[in-house]
$ cat start19.csv   # CSV, C-alpha atoms
chain,number,residue,atom,x,y,z
Q,526,MET,CA,0.0,0.0,0.0
Q,527,SER,CA,2.8,2.4,1.0
Q,528,THR,CA,4.8,1.6,-2.1
Q,529,ALA,CA,1.8,2.1,-4.4
Q,530,PHE,CA,1.1,5.4,-2.7
Q,531,HIS,CA,4.6,6.7,-3.1
Q,532,ARG,CA,4.6,5.6,-6.8
Q,533,TRP,CA,1.3,7.4,-7.3
Q,534,SER,CA,2.7,10.5,-5.6
Q,535,ALA,CA,5.8,10.4,-7.8
Q,536,LEU,CA,3.7,10.1,-10.9
Q,537,CYS,CA,1.5,13.1,-9.8
Q,538,LEU,CA,4.6,15.2,-9.1
Q,539,MET,CA,6.1,14.3,-12.5
Q,540,ALA,CA,2.8,15.2,-14.2
Q,541,ILE,CA,2.6,18.6,-12.4
Q,542,THR,CA,6.3,19.3,-13.3
Q,543,LEU,CA,5.7,18.5,-16.9
Q,544,SER,CA,2.5,20.6,-17.0
Q,545,LEU,CA,4.3,23.6,-15.5
Q,546,SER,CA,7.1,23.3,-17.9
Q,547,ALA,CA,4.8,23.1,-20.9
Q,548,CYS,CA,2.9,26.2,-19.7
Q,549,GLY,CA,6.0,28.3,-19.5
Q,550,TYR,CA,6.6,28.3,-15.8
Q,551,ASN,CA,10.3,27.6,-16.3
Q,552,GLN,CA,10.5,30.3,-19.0
Q,553,PHE,CA,9.1,32.8,-16.5
Q,554,GLN,CA,11.8,31.9,-13.9
Q,555,SER,CA,14.7,32.1,-16.3
Q,556,GLY,CA,13.3,35.2,-18.0
Q,557,ASN,CA,12.8,36.9,-14.7
Q,558,GLU,CA,16.4,36.2,-13.7
Q,559,GLN,CA,17.7,37.5,-17.0
Q,560,VAL,CA,15.7,40.7,-16.6
Q,561,LYS,CA,17.1,41.2,-13.1
Q,562,ALA,CA,20.7,40.5,-14.2
Q,563,SER,CA,20.4,42.9,-17.1
Q,564,TRP,CA,18.8,45.6,-14.9
Q,565,SER,CA,21.7,45.2,-12.4
Q,566,GLU,CA,24.2,45.9,-15.2
Q,567,VAL,CA,22.2,49.0,-16.3
Q,568,LEU,CA,22.3,50.3,-12.7
Q,569,SER,CA,26.0,49.6,-12.4
Q,570,GLN,CA,26.8,51.7,-15.5
Q,571,TYR,CA,24.5,54.6,-14.3
Q,572,GLN,CA,26.3,54.5,-11.0
Q,573,ARG,CA,29.7,54.6,-12.7
Q,574,ARG,CA,28.6,57.7,-14.5
Q,575,ALA,CA,27.3,59.3,-11.3
Q,576,ASP,CA,30.6,58.6,-9.6
Q,577,LEU,CA,32.5,60.4,-12.3
Q,578,ILE,CA,30.4,63.6,-12.3
Q,579,PRO,CA,31.7,65.1,-8.9
Q,580,ASN,CA,35.3,65.0,-10.3
Q,581,LEU,CA,34.2,66.6,-13.5
Q,582,VAL,CA,32.4,69.3,-11.6
Q,583,ASN,CA,35.4,70.0,-9.5
Q,584,VAL,CA,37.6,70.4,-12.5
Q,585,VAL,CA,35.1,72.7,-14.3
Q,586,LYS,CA,34.8,74.9,-11.1
Q,587,GLY,CA,38.4,75.8,-11.6
Q,588,GLN,CA,37.4,77.7,-14.7
Q,589,ALA,CA,36.3,80.9,-13.0
Q,590,ASP,CA,34.1,82.3,-15.8
Q,591,PHE,CA,32.4,79.0,-16.7
Q,592,GLU,CA,28.6,79.2,-17.1
Q,593,GLN,CA,27.4,78.6,-13.5
Q,594,SER,CA,23.8,77.7,-14.7
Q,595,THR,CA,25.1,74.9,-16.9
Q,596,LEU,CA,27.3,73.6,-14.1
Q,597,GLN,CA,24.5,73.8,-11.5
Q,598,ALA,CA,22.1,71.9,-13.9
Q,599,VAL,CA,24.5,69.0,-13.8
Q,600,VAL,CA,24.8,69.0,-10.0
Q,601,ASP,CA,21.0,69.2,-9.6
Q,602,ALA,CA,20.3,66.5,-12.2
Q,603,ARG,CA,22.8,64.1,-10.6
Q,604,SER,CA,21.2,64.7,-7.2
Q,605,LYS,CA,17.8,63.9,-8.5
Q,606,ALA,CA,18.9,60.8,-10.4
Q,607,THR,CA,20.8,59.4,-7.4
Q,608,SER,CA,18.0,60.1,-5.0
Q,609,LEU,CA,15.7,57.5,-6.6
Q,610,GLN,CA,15.8,54.1,-5.1
Q,611,ALA,CA,16.5,51.9,-8.1
Q,612,SER,CA,15.8,48.6,-6.5
Q,613,PRO,CA,15.0,45.3,-8.5
Q,614,GLU,CA,11.3,45.9,-7.7
Q,615,LEU,CA,11.5,49.0,-9.9
Q,616,VAL,CA,11.2,46.9,-13.0
Q,617,ASN,CA,7.8,45.8,-11.9
Q,618,ASP,CA,6.5,49.4,-11.4
Q,619,PRO,CA,5.8,51.2,-14.7
Q,620,GLN,CA,5.4,54.6,-13.0
Q,621,ALA,CA,8.6,54.4,-10.9
Q,622,PHE,CA,10.4,53.1,-13.9
Q,623,GLN,CA,9.3,56.0,-16.0
Q,624,LYS,CA,10.4,58.5,-13.2
Q,625,PHE,CA,13.8,56.8,-13.1
Q,626,GLN,CA,14.2,56.9,-16.9
Q,627,GLN,CA,13.3,60.6,-17.0
Q,628,ALA,CA,15.8,61.4,-14.2
Q,629,GLN,CA,18.6,59.7,-16.2
Q,630,LYS,CA,17.5,61.4,-19.4
Q,631,ASP,CA,17.7,64.8,-17.7
Q,632,LEU,CA,21.2,64.0,-16.4
Q,633,SER,CA,22.3,62.9,-19.8
Q,634,GLY,CA,21.0,66.2,-21.3
Q,635,SER,CA,22.7,68.4,-18.7
Q,636,LEU,CA,26.0,66.5,-19.1
Q,637,SER,CA,25.8,66.9,-22.9
Q,638,ARG,CA,25.1,70.6,-22.5
Q,639,LEU,CA,28.1,71.0,-20.2
Q,640,LEU,CA,30.5,69.2,-22.6
Q,641,VAL,CA,29.2,71.4,-25.5
Q,642,VAL,CA,29.7,74.6,-23.6
Q,643,SER,CA,33.2,73.5,-22.5
Q,644,GLU,CA,34.2,73.8,-26.2
Q,645,ASN,CA,34.2,77.5,-25.6
Q,646,TYR,CA,36.9,77.3,-22.9
Q,647,PRO,CA,40.4,76.6,-24.3
Q,648,ALA,CA,41.8,76.3,-20.8
Q,649,LEU,CA,39.4,73.3,-20.1
Q,650,ARG,CA,40.3,71.7,-23.5
Q,651,ALA,CA,43.9,71.9,-22.5
Q,652,ASN,CA,43.3,70.4,-19.0
Q,653,GLN,CA,44.4,66.8,-19.1
Q,654,GLY,CA,42.2,65.9,-16.1
Q,655,PHE,CA,39.1,67.3,-17.9
Q,656,MET,CA,40.0,65.4,-21.1
Q,657,ASP,CA,40.5,62.1,-19.2
Q,658,LEU,CA,37.1,62.5,-17.4
Q,659,GLN,CA,35.4,63.3,-20.7
Q,660,ALA,CA,36.8,60.2,-22.2
Q,661,GLN,CA,35.7,58.1,-19.3
Q,662,LEU,CA,32.2,59.6,-19.5
Q,663,GLU,CA,32.0,58.9,-23.2
Q,664,GLY,CA,33.1,55.3,-22.5
Q,665,THR,CA,30.5,55.0,-19.8
Q,666,GLU,CA,27.7,56.3,-22.1
Q,667,ASN,CA,28.7,53.5,-24.5
Q,668,ARG,CA,28.5,51.0,-21.7
Q,669,ILE,CA,25.1,52.3,-20.7
Q,670,ALA,CA,23.8,51.9,-24.2
Q,671,VAL,CA,25.0,48.3,-24.4
Q,672,ALA,CA,23.5,47.5,-20.9
Q,673,ARG,CA,20.2,49.2,-21.9
Q,674,ASN,CA,20.0,47.2,-25.1
Q,675,ARG,CA,20.6,43.9,-23.2
Q,676,TYR,CA,17.8,44.9,-20.7
Q,677,ILE,CA,15.5,45.8,-23.6
Q,678,LYS,CA,16.0,42.4,-25.2
Q,679,ALA,CA,15.5,40.6,-21.9
Q,680,VAL,CA,12.3,42.4,-21.2
Q,681,GLN,CA,11.0,41.8,-24.7
Q,682,ASP,CA,11.6,38.1,-24.4
Q,683,TYR,CA,9.9,38.1,-21.0
Q,684,ASN,CA,6.9,40.1,-22.2
Q,685,VAL,CA,6.5,37.8,-25.2
Q,686,THR,CA,6.2,34.9,-22.7
Q,687,VAL,CA,3.6,36.8,-20.8
Q,688,HIS,CA,1.4,37.2,-23.8
Q,689,SER,CA,2.0,34.0,-25.7
Q,690,PHE,CA,-0.2,30.9,-25.5
Q,691,PRO,CA,-0.2,28.7,-23.4
Q,692,SER,CA,2.3,30.6,-21.1
Q,693,ASN,CA,-0.2,33.4,-20.9
Q,694,LEU,CA,-2.5,31.1,-18.9
Q,695,THR,CA,0.3,30.5,-16.4
Q,696,ALA,CA,0.9,34.3,-16.3
Q,697,MET,CA,-2.8,34.9,-15.4
Q,698,ALA,CA,-2.9,32.1,-12.9
Q,699,LEU,CA,0.4,33.1,-11.1
Q,700,GLY,CA,0.2,36.8,-11.5
Q,701,TYR,CA,3.1,37.4,-13.9
Q,702,LYS,CA,2.7,40.8,-15.5
Q,703,GLU,CA,4.4,42.6,-18.4
Q,704,LYS,CA,7.5,44.5,-17.3
Q,705,PRO,CA,8.2,48.2,-18.3
Q,706,ASN,CA,10.9,48.9,-20.8
Q,707,PHE,CA,13.0,51.8,-22.0
Q,708,THR,CA,11.5,53.9,-24.7
Q,709,VAL,CA,12.9,56.2,-27.3
Q,710,GLU,CA,10.9,59.5,-27.5
Q,711,ASN,CA,12.2,60.3,-31.0
Q,712,GLU,CA,11.4,56.9,-32.4
Q,713,ALA,CA,9.7,58.3,-35.4
Q,714,ALA,CA,12.7,60.4,-36.3
Q,715,ILE,CA,15.1,57.5,-35.8
Q,716,ALA,CA,13.0,55.4,-38.1
Q,717,GLN,CA,13.6,57.8,-41.0
Q,718,PRO,CA,16.5,56.8,-43.2
Q,719,PRO,CA,19.4,59.2,-43.2
Q,720,SER,CA,19.8,61.5,-46.2
Q,721,VAL,CA,22.9,60.8,-48.2
Q,722,HIS,CA,24.1,63.3,-50.8
Q,723,PHE,CA,27.1,62.5,-53.1
Q,724,GLY,CA,26.8,65.5,-55.4
Q,725,PRO,CA,28.4,68.9,-55.2
Q,726,PRO,CA,27.6,71.0,-52.1
Q,727,THR,CA,24.2,72.7,-52.2
Q,728,PRO,CA,24.6,76.5,-52.4
Q,729,ALA,CA,23.4,78.3,-49.3
Q,730,SER,CA,20.1,80.0,-49.7
Q,731,LYS,CA,20.2,83.8,-49.5
$ encode --input "start19.csv" --output "structure tokens"
Amino acid sequence: MSTAFHRWSALCLMAITLSLSACGYNQFQSGNEQVKASWSEVLSQYQRRADLIPNLVNVVKGQADFEQSTLQAVVDARSKATSLQASPELVNDPQAFQKFQQAQKDLSGSLSRLLVVSENYPALRANQGFMDLQAQLEGTENRIAVARNRYIKAVQDYNVTVHSFPSNLTAMALGYKEKPNFTVENEAAIAQPPSVHFGPPTPASK
């Protein structure tokens, strides 16, 4: 009796395991882990950028006549971006995710403005410390782009599982929801092919 019961229990457990696997349960687990790992890399690169900014600000402060409003904008944007709690749970909260994305976008914009303005200050362009920091920031921006792309792909794969049959039944039963993703505001402009002109320069209009 006991042996038959254990055999029956084992068969039931095997059936349940196969059923969960067929319905995408294992995909949700692996997909969720991939999203979390990709998100951690995004945060790591954003933190790297935030850590470089104080040194950049200190170097720029040495330029007495530098535009203070531009410098202050970077300081304020960094403060706002680093004040947000970017926990793993953030990827399950669309509103919090949007707020985080906007803060990082604002910081990127203020940094870009500072580097553009710095072109007007030869002393800064001749400062090796400033040039080194600029190179590190540019490298970090590239790493951020790569990390974001990996996160986008991981979330896309996860969200496909959420909406695909029969895994969508598992999602509804166990409460798995679509995760928010990074967006590109100028997506329409990016979709336009670049204009390539091989002829002679077009005369400037008078």
$ atom_distance --input "start19.csv" --atom1 "CA of Lys702 in chain Q" --atom2 "CA of Asn684 in chain Q"
7.9 Å
$ residues_around --input "start19.csv" --residues "range 602-614 of chain Q" --least-positions-apart "6" --cutoff "10 Å" --atoms "only C-alpha atoms" --output "PDB file with C-alpha atoms, keeping the file's coordinate frame"
ATOM      1  CA  VAL Q 560      15.700  40.700 -16.600  1.00  0.00           C
ATOM      2  CA  LYS Q 561      17.100  41.200 -13.100  1.00  0.00           C
ATOM      3  CA  ALA Q 562      20.700  40.500 -14.200  1.00  0.00           C
ATOM      4  CA  TRP Q 564      18.800  45.600 -14.900  1.00  0.00           C
ATOM      5  CA  SER Q 565      21.700  45.200 -12.400  1.00  0.00           C
ATOM      6  CA  LEU Q 568      22.300  50.300 -12.700  1.00  0.00           C
ATOM      7  CA  TYR Q 571      24.500  54.600 -14.300  1.00  0.00           C
ATOM      8  CA  GLN Q 572      26.300  54.500 -11.000  1.00  0.00           C
ATOM      9  CA  ARG Q 574      28.600  57.700 -14.500  1.00  0.00           C
ATOM     10  CA  ALA Q 575      27.300  59.300 -11.300  1.00  0.00           C
ATOM     11  CA  ASP Q 576      30.600  58.600  -9.600  1.00  0.00           C
ATOM     12  CA  ILE Q 578      30.400  63.600 -12.300  1.00  0.00           C
ATOM     13  CA  PRO Q 579      31.700  65.100  -8.900  1.00  0.00           C
ATOM     14  CA  ALA Q 621       8.600  54.400 -10.900  1.00  0.00           C
ATOM     15  CA  PHE Q 622      10.400  53.100 -13.900  1.00  0.00           C
ATOM     16  CA  LYS Q 624      10.400  58.500 -13.200  1.00  0.00           C
ATOM     17  CA  PHE Q 625      13.800  56.800 -13.100  1.00  0.00           C
ATOM     18  CA  GLN Q 626      14.200  56.900 -16.900  1.00  0.00           C
ATOM     19  CA  GLN Q 627      13.300  60.600 -17.000  1.00  0.00           C
ATOM     20  CA  ALA Q 628      15.800  61.400 -14.200  1.00  0.00           C
ATOM     21  CA  GLN Q 629      18.600  59.700 -16.200  1.00  0.00           C
ATOM     22  CA  LYS Q 630      17.500  61.400 -19.400  1.00  0.00           C
ATOM     23  CA  ASP Q 631      17.700  64.800 -17.700  1.00  0.00           C
ATOM     24  CA  LEU Q 632      21.200  64.000 -16.400  1.00  0.00           C
ATOM     25  CA  SER Q 633      22.300  62.900 -19.800  1.00  0.00           C
ATOM     26  CA  GLY Q 634      21.000  66.200 -21.300  1.00  0.00           C
ATOM     27  CA  SER Q 635      22.700  68.400 -18.700  1.00  0.00           C
ATOM     28  CA  LEU Q 636      26.000  66.500 -19.100  1.00  0.00           C
TER      29      LEU Q 636
END
$ atom_distance --input "start19.csv" --atom1 "CA of Gly556 in chain Q" --atom2 "CA of Thr665 in chain Q"
26.3 Å
$ closest_residue --input "start19.csv" --among "Q:Ala589, Q:Val616, Q:Leu640, Q:Tyr646" --to "Leu658 in chain Q" --atoms "only C-alpha atoms"
Q:Leu640
$ atom_distance --input "start19.csv" --atom1 "CA of Ala670 in chain Q" --atom2 "CA of Val567 in chain Q"
8.6 Å
$ closest_residue --input "start19.csv" --among "Q:Asn706, Q:Ser643, Q:Asn557, Q:Gln570" --to "Val671 in chain Q" --atoms "all atoms listed in the file"
Q:Gln570
$ closest_residue --input "start19.csv" --among "Q:Val599, Q:Tyr683, Q:Val585, Q:Ile677" --to "Glu644 in chain Q" --atoms "all atoms listed in the file"
Q:Val585
$ closest_residue --input "start19.csv" --among "Q:Arg675, Q:Gln559, Q:Arg638, Q:Asn583" --to "Ala598 in chain Q" --atoms "only C-alpha atoms"
Q:Arg638
$ residues_around --input "start19.csv" --residues "Gln661 in chain Q" --least-positions-apart "5" --cutoff "10 Å" --atoms "all atoms listed in the file" --output "list in words"
Arg573, Arg574, Leu577, Phe655, Met656, Glu666 and Asn667 of chain Q
$ write_last_selection --input "start19.csv" --atoms "C-alpha atoms" --output "short mmCIF file (atom, residue, chain, number, x, y, z; two decimals), in the frame of the given file"
data_model
loop_
_atom_site.label_atom_id
_atom_site.label_comp_id
_atom_site.auth_asym_id
_atom_site.auth_seq_id
_atom_site.Cartn_x
_atom_site.Cartn_y
_atom_site.Cartn_z
CA ARG Q 573 29.70 54.60 -12.70
CA ARG Q 574 28.60 57.70 -14.50
CA LEU Q 577 32.50 60.40 -12.30
CA PHE Q 655 39.10 67.30 -17.90
CA MET Q 656 40.00 65.40 -21.10
CA GLU Q 666 27.70 56.30 -22.10
CA ASN Q 667 28.70 53.50 -24.50
#
$ closest_residue --input "start19.csv" --among "Q:Glu663, Q:Asn652, Q:Asp657, Q:Met697" --to "Ser637 in chain Q" --atoms "only C-alpha atoms"
Q:Glu663
